[in-house]
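Participant: Pasting a structure below so you can have a look.
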Amino acid sequence: MHDAKEGRANAFSTLFRLLVAGVVAGVLVAFIALPGIGSAGLTARDAATNFQNMESELKTSKPSAQTKVFDANGKQFATFFDKYREPIRLDQVAPIMKTAIVDIEDSRFYEHGALDLKGTIRALAKNVESEQTQGGSTLTQQYVKNLLVDNAKTDAEYREVTAPTVGRKLRELSYALDLEKKMTKDEILQGYLNIAYFGAGAYGIEAASRRYFSKPAKDLNLEQAALLAGVTQNPAAFDPIRNGKDARKRRDIVLYRMAELKHITKAQADAAAAKPIELNRTDPAGGCETSDAPYFCEYVKFDVLNILSDGKYWSLKDKERQDVFNKLNRGGYTIRTTLDRKAQKAVDRALRNYVAPGSTRVGAESMVEPGTGHVKAIGLSKRYGAKKGRTTLNLAADWAHGGGGGVSAGSTFKIFTLIAALDQGIPVSTSMPAGAQTTVTGLTDCKGNGTGVFSPRNSDPAEKGAYNLKTGTWHSVNTFYAHLEKRVGLCESVKMAQKFGMKRADGRPFLEVPSQVLGTNEVDMVHLAAAYAGIAARGKYCAPVSVTEVIDGDGKKVKLPKPDCRQVVDQPVADKVNEIMQGVLTVGTARGGGIGRPAAGKTGTCEAHTCALFAGHTPNMAAAVAYWDPRGPVRYPVNVFGADQPLSIWRQSMQNALSGRPAPPFARSLEDFGDTSTVPDVRGMSVGAAMAAIRAADLQGRIVPQPVPSDLPKGKVVNTSPGANAEVPPGSTVMIFMSSGRKQGVRGRPGQNGNWPWPF
């Protein structure tokens, strides 16, 4: 009884589907071939008229493609995409792959137009006989549907282009008819192979081949081609990674379809079907998290977003910014950058040698090339990522490049007041009293507003007395620079910093307060390094540049902003600043921190030791390093000086980044800046040699008649007054003390400044 009912039900179902097939086939014929014949009925005639009046020109952009980012030497280091796709030409696809996809999807592809009436009716008839449906869409129609889906920007647009309606199918057919007129069959097949979804996040045949087999599509063999050709019917169901059993069954269907069409032999199909699926996966990796230079990648990303929005990215609304971001992910751009892999590795290694990646404290560094502004490296001690102990904030950069609020500049900012002083003609030898603490009044900002009382103190109470532009810089004397800022003018100091590209990292207006000379404005390491690169380039400042070329998916160059380079101060001024700054590494706060080649720099220690910095340069590279606790510097001070971790990081990274490169000297200033002369160290020399060295330093030597007790041989120089390395006006007299050759009778020892305490 049960079998009889089931048989009647199956018979009824078959009859119903047969009727539906006839109606659908008739309507399709009416739409395409007989739009004006009355026998098709009024409804069919109206539908045919509507079909003929439909817009037939398909207006879509190219399928989304990966954006690839390259370093200065042309090596790729980052990829951006929201769909893993690598477009290729049809001649870059293995012939067996082209055969497999055509055989299983549209075997009469090269014989029919946009609509395959014979194939459609055959599919309908087979669907009558089977519970499993067979599609009747041609490859051209499938290509159209994929284009429409790929171009859908919103959920509503996606629902519209995938809706199971007759209207949607008719629109696809209309577009397909138009494409068949404009494109060759090979062009359509190439387009389809580049846009079809092959599961596991792989769009297009090249991406699929690399995703599943880690090889290009030109190298696919028979069983691999059959597997991929089978996936496209239902990428979720036939994903060979997640559903290998069903994927293999589908692969074998493709193999025997190819044999049925005589494109391979039955023996070839049997042999291939006997093999298990063998995958060699490559997981698609994109974005900065997968880059080996993630923080540089982040900086480039925001520069490109700004380029693609004509410099307006941060002024756009949220949706508009998302559209620009989509362009980056889908546009298939080729981006060439200034990244120097050697410098980047040197930065990363030095940062993590001195600051543990898991520490709550962080080290940040950037390197910039003088004369071009090309950013060569950006790094953090912390690993990049969203996991615990990592960060996605580009703390070496400003907020506009994915960074935070920056870090106090500390005494690295004193250099801009020094430059302003020399630019105004204030002599290097200018001496000003600098007590352990001082009070300065009468300063006004750039609007003429008074700024009240400024009462800085020195970090070391022993730093007191008279200092000049050299010694005040070498020893980073706060109270001296407070008086120098008043002499120069607060506004002039601020403007000089801004001429060298300095700005607050958080994007807010610059604080025009007296304490700016001590670095109270928060800055980022990229712009600080670029400023020092401007000093290294003899006063020619160039704004930071990370992108040198952007080529779109059609091979056209995208217009880039013009390089922003300008001569900020005259070369002799910058040359004198470089000369003074070299002393910081030899006799100043960073003494002993040299790198084996001409170099200059400045330490920076933030108020209450909340952070520490070092910025320095050679004629061909500049770098800035900061060390702080991003949880809150005031609450979590680091209690170190700029000559500690920051100098150590800078020193190691610069040595490694510049190894093997030329070591040019700084240019010497030929102008008279009212300079001082440095007393040479002549201890242990003979009288003649000592006098010659002193005269060479533009000083006068005078021998003290009375020898002094010393363990040095008789007649050798014991000491001088002023002592070695003291800065004095040119032409000054240096007293030379000779050894008596006897130890006994030594009366005391030299004072702190190297001078002998008793009078002669």
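Residue numbering restarts at 1 for every chain of the structure tokens, chains are lettered A, B, ... in their displayed order, and ligands are numbered from 1 as they appear.
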Quick one: everything within 12 Å of A:Asp270, counting only C-alpha atoms, minus sequence neighbours fewer than 4 positions away in the same chain. Send it as a PDB file with N, CA, C and O atoms, in the first residue's frame.
Facilitator:
ATOM      1  N   LEU A 222      45.669  17.585 -13.766  1.00  0.00           N
ATOM      2  CA  LEU A 222      44.297  17.183 -14.064  1.00  0.00           C
ATOM      3  C   LEU A 222      43.422  17.095 -12.819  1.00  0.00           C
ATOM      4  O   LEU A 222      42.348  17.707 -12.757  1.00  0.00           O
ATOM      5  N   GLU A 223      43.865  16.335 -11.813  1.00  0.00           N
ATOM      6  CA  GLU A 223      42.996  16.156 -10.648  1.00  0.00           C
ATOM      7  C   GLU A 223      42.815  17.457  -9.866  1.00  0.00           C
ATOM      8  O   GLU A 223      41.746  17.707  -9.284  1.00  0.00           O
ATOM      9  N   ARG A 251      34.718  16.365  -7.486  1.00  0.00           N
ATOM     10  CA  ARG A 251      35.860  16.310  -8.398  1.00  0.00           C
ATOM     11  C   ARG A 251      35.696  15.181  -9.401  1.00  0.00           C
ATOM     12  O   ARG A 251      35.950  15.343 -10.607  1.00  0.00           O
ATOM     13  N   ASP A 252      35.261  14.034  -8.911  1.00  0.00           N
ATOM     14  CA  ASP A 252      35.123  12.876  -9.794  1.00  0.00           C
ATOM     15  C   ASP A 252      34.015  13.081 -10.819  1.00  0.00           C
ATOM     16  O   ASP A 252      34.110  12.607 -11.962  1.00  0.00           O
ATOM     17  N   ILE A 253      32.959  13.800 -10.436  1.00  0.00           N
ATOM     18  CA  ILE A 253      31.907  14.132 -11.400  1.00  0.00           C
ATOM     19  C   ILE A 253      32.497  14.948 -12.543  1.00  0.00           C
ATOM     20  O   ILE A 253      32.188  14.727 -13.721  1.00  0.00           O
ATOM     21  N   VAL A 254      33.364  15.894 -12.189  1.00  0.00           N
ATOM     22  CA  VAL A 254      34.006  16.717 -13.219  1.00  0.00           C
ATOM     23  C   VAL A 254      34.885  15.850 -14.110  1.00  0.00           C
ATOM     24  O   VAL A 254      34.872  15.986 -15.346  1.00  0.00           O
ATOM     25  N   LEU A 255      35.644  14.947 -13.503  1.00  0.00           N
ATOM     26  CA  LEU A 255      36.537  14.088 -14.285  1.00  0.00           C
ATOM     27  C   LEU A 255      35.768  13.265 -15.315  1.00  0.00           C
ATOM     28  O   LEU A 255      36.165  13.183 -16.494  1.00  0.00           O
ATOM     29  N   TYR A 256      34.667  12.673 -14.883  1.00  0.00           N
ATOM     30  CA  TYR A 256      33.935  11.808 -15.812  1.00  0.00           C
ATOM     31  C   TYR A 256      33.117  12.612 -16.820  1.00  0.00           C
ATOM     32  O   TYR A 256      32.817  12.118 -17.910  1.00  0.00           O
ATOM     33  N   ARG A 257      32.795  13.866 -16.482  1.00  0.00           N
ATOM     34  CA  ARG A 257      32.184  14.745 -17.487  1.00  0.00           C
ATOM     35  C   ARG A 257      33.207  15.076 -18.559  1.00  0.00           C
ATOM     36  O   ARG A 257      32.875  15.115 -19.755  1.00  0.00           O
ATOM     37  N   MET A 258      34.454  15.311 -18.175  1.00  0.00           N
ATOM     38  CA  MET A 258      35.509  15.584 -19.144  1.00  0.00           C
ATOM     39  C   MET A 258      35.748  14.370 -20.042  1.00  0.00           C
ATOM     40  O   MET A 258      35.996  14.510 -21.251  1.00  0.00           O
ATOM     41  N   ALA A 259      35.655  13.177 -19.443  1.00  0.00           N
ATOM     42  CA  ALA A 259      35.817  11.954 -20.244  1.00  0.00           C
ATOM     43  C   ALA A 259      34.635  11.773 -21.188  1.00  0.00           C
ATOM     44  O   ALA A 259      34.802  11.361 -22.347  1.00  0.00           O
ATOM     45  N   ILE A 264      39.383  14.023 -22.031  1.00  0.00           N
ATOM     46  CA  ILE A 264      40.355  13.102 -21.448  1.00  0.00           C
ATOM     47  C   ILE A 264      39.809  11.701 -21.681  1.00  0.00           C
ATOM     48  O   ILE A 264      38.618  11.526 -21.992  1.00  0.00           O
ATOM     49  N   THR A 265      40.648  10.714 -21.499  1.00  0.00           N
ATOM     50  CA  THR A 265      40.187   9.341 -21.696  1.00  0.00           C
ATOM     51  C   THR A 265      39.549   8.815 -20.417  1.00  0.00           C
ATOM     52  O   THR A 265      39.746   9.368 -19.317  1.00  0.00           O
ATOM     53  N   LYS A 266      38.812   7.731 -20.573  1.00  0.00           N
ATOM     54  CA  LYS A 266      38.208   7.077 -19.404  1.00  0.00           C
ATOM     55  C   LYS A 266      39.312   6.600 -18.457  1.00  0.00           C
ATOM     56  O   LYS A 266      39.179   6.687 -17.224  1.00  0.00           O
ATOM     57  N   ALA A 274      41.093   7.836  -8.659  1.00  0.00           N
ATOM     58  CA  ALA A 274      41.617   6.903  -7.656  1.00  0.00           C
ATOM     59  C   ALA A 274      42.522   7.607  -6.639  1.00  0.00           C
ATOM     60  O   ALA A 274      42.819   7.051  -5.582  1.00  0.00           O
ATOM     61  N   LYS A 275      42.935   8.816  -6.954  1.00  0.00           N
ATOM     62  CA  LYS A 275      43.855   9.530  -6.065  1.00  0.00           C
ATOM     63  C   LYS A 275      43.086  10.305  -4.995  1.00  0.00           C
ATOM     64  O   LYS A 275      42.060  10.926  -5.284  1.00  0.00           O
TER      65      LYS A 275
END
Participant: Could you pull out all residues of stretch 168-374 of chain A with a DSSP call of strand (DSSP E or B) and give them as a VMD selection string?
Facilitator: chain A and resid 197 202 to 203 331 334 to 337 362 to 368 374
Participant: Atoms to include: N, CA and C atoms. Write the selected residues as a compact mmCIF listing (two decimals), in the first residue's frame.
Facilitator:
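Final file, out07.txt:
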# COMPACT_ATOMS: atom_id res chain seq x y z
N TYR A 197 34.17 32.51 -7.16
CA TYR A 197 34.56 32.17 -5.79
C TYR A 197 34.84 30.68 -5.70
N ALA A 202 39.08 32.25 -1.26
CA ALA A 202 39.84 32.44 -2.50
C ALA A 202 38.92 32.84 -3.64
N TYR A 203 39.18 34.02 -4.20
CA TYR A 203 38.41 34.52 -5.34
C TYR A 203 39.32 34.52 -6.57
N GLY A 331 41.17 47.81 -4.82
CA GLY A 331 41.57 48.47 -6.06
C GLY A 331 42.73 47.87 -6.82
N THR A 334 49.36 49.00 -6.84
CA THR A 334 50.75 48.69 -6.58
C THR A 334 51.35 49.91 -5.90
N ILE A 335 51.85 49.73 -4.68
CA ILE A 335 52.34 50.84 -3.88
C ILE A 335 53.83 50.65 -3.62
N ARG A 336 54.61 51.60 -4.03
CA ARG A 336 56.06 51.55 -3.79
C ARG A 336 56.40 52.55 -2.68
N THR A 337 57.22 52.09 -1.73
CA THR A 337 57.49 52.88 -0.54
C THR A 337 58.98 53.12 -0.33
N VAL A 362 57.48 51.01 26.68
CA VAL A 362 57.62 50.84 25.24
C VAL A 362 58.75 51.71 24.72
N GLY A 363 59.45 51.18 23.75
CA GLY A 363 60.44 51.95 23.01
C GLY A 363 59.92 52.15 21.60
N ALA A 364 60.09 53.35 21.05
CA ALA A 364 59.62 53.65 19.70
C ALA A 364 60.71 54.39 18.95
N GLU A 365 60.89 54.06 17.67
CA GLU A 365 61.95 54.70 16.89
C GLU A 365 61.52 54.86 15.45
N SER A 366 62.03 55.91 14.84
CA SER A 366 61.84 56.13 13.41
C SER A 366 63.15 56.61 12.82
N MET A 367 63.41 56.22 11.57
CA MET A 367 64.58 56.70 10.83
C MET A 367 64.13 57.42 9.58
N VAL A 368 64.75 58.58 9.29
CA VAL A 368 64.39 59.40 8.14
C VAL A 368 65.67 59.83 7.42
N HIS A 374 62.56 60.85 3.20
CA HIS A 374 62.11 59.46 3.05
C HIS A 374 62.20 58.73 4.39
Participant: Atom CA of A:Pro284 and atom CA of A:Pro357 are how many Å apart?
Facilitator: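 Answer for the atom CA of A:Pro284 to atom CA of A:Pro357 separation: 26.3 Å.
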Participant: Show me, as an MDAnalysis selection string, the residues that have an atom within 10 Å of A:Pro276 when counting only C-alpha atoms, minus same-chain residues fewer than 4 positions from it.
Facilitator: chainID A and resid 223 244:245 248 272
Participant: Any idea what the distance is between atom CA of A:Ser476 and atom CA of A:Gln700?
Facilitator: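 Calculated distance between atom CA of A:Ser476 and atom CA of A:Gln700 is 29.1 Å.
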Participant: Quick one: everything within 12 Å of A:Leu490, counting only C-alpha atoms, minus sequence neighbours fewer than 2 positions away in the same chain. Send it as a VMD selection string.
Facilitator: chain A and resid 414 416 to 417 420 to 421 440 to 451 454 481 to 488 492 to 497 511 to 517
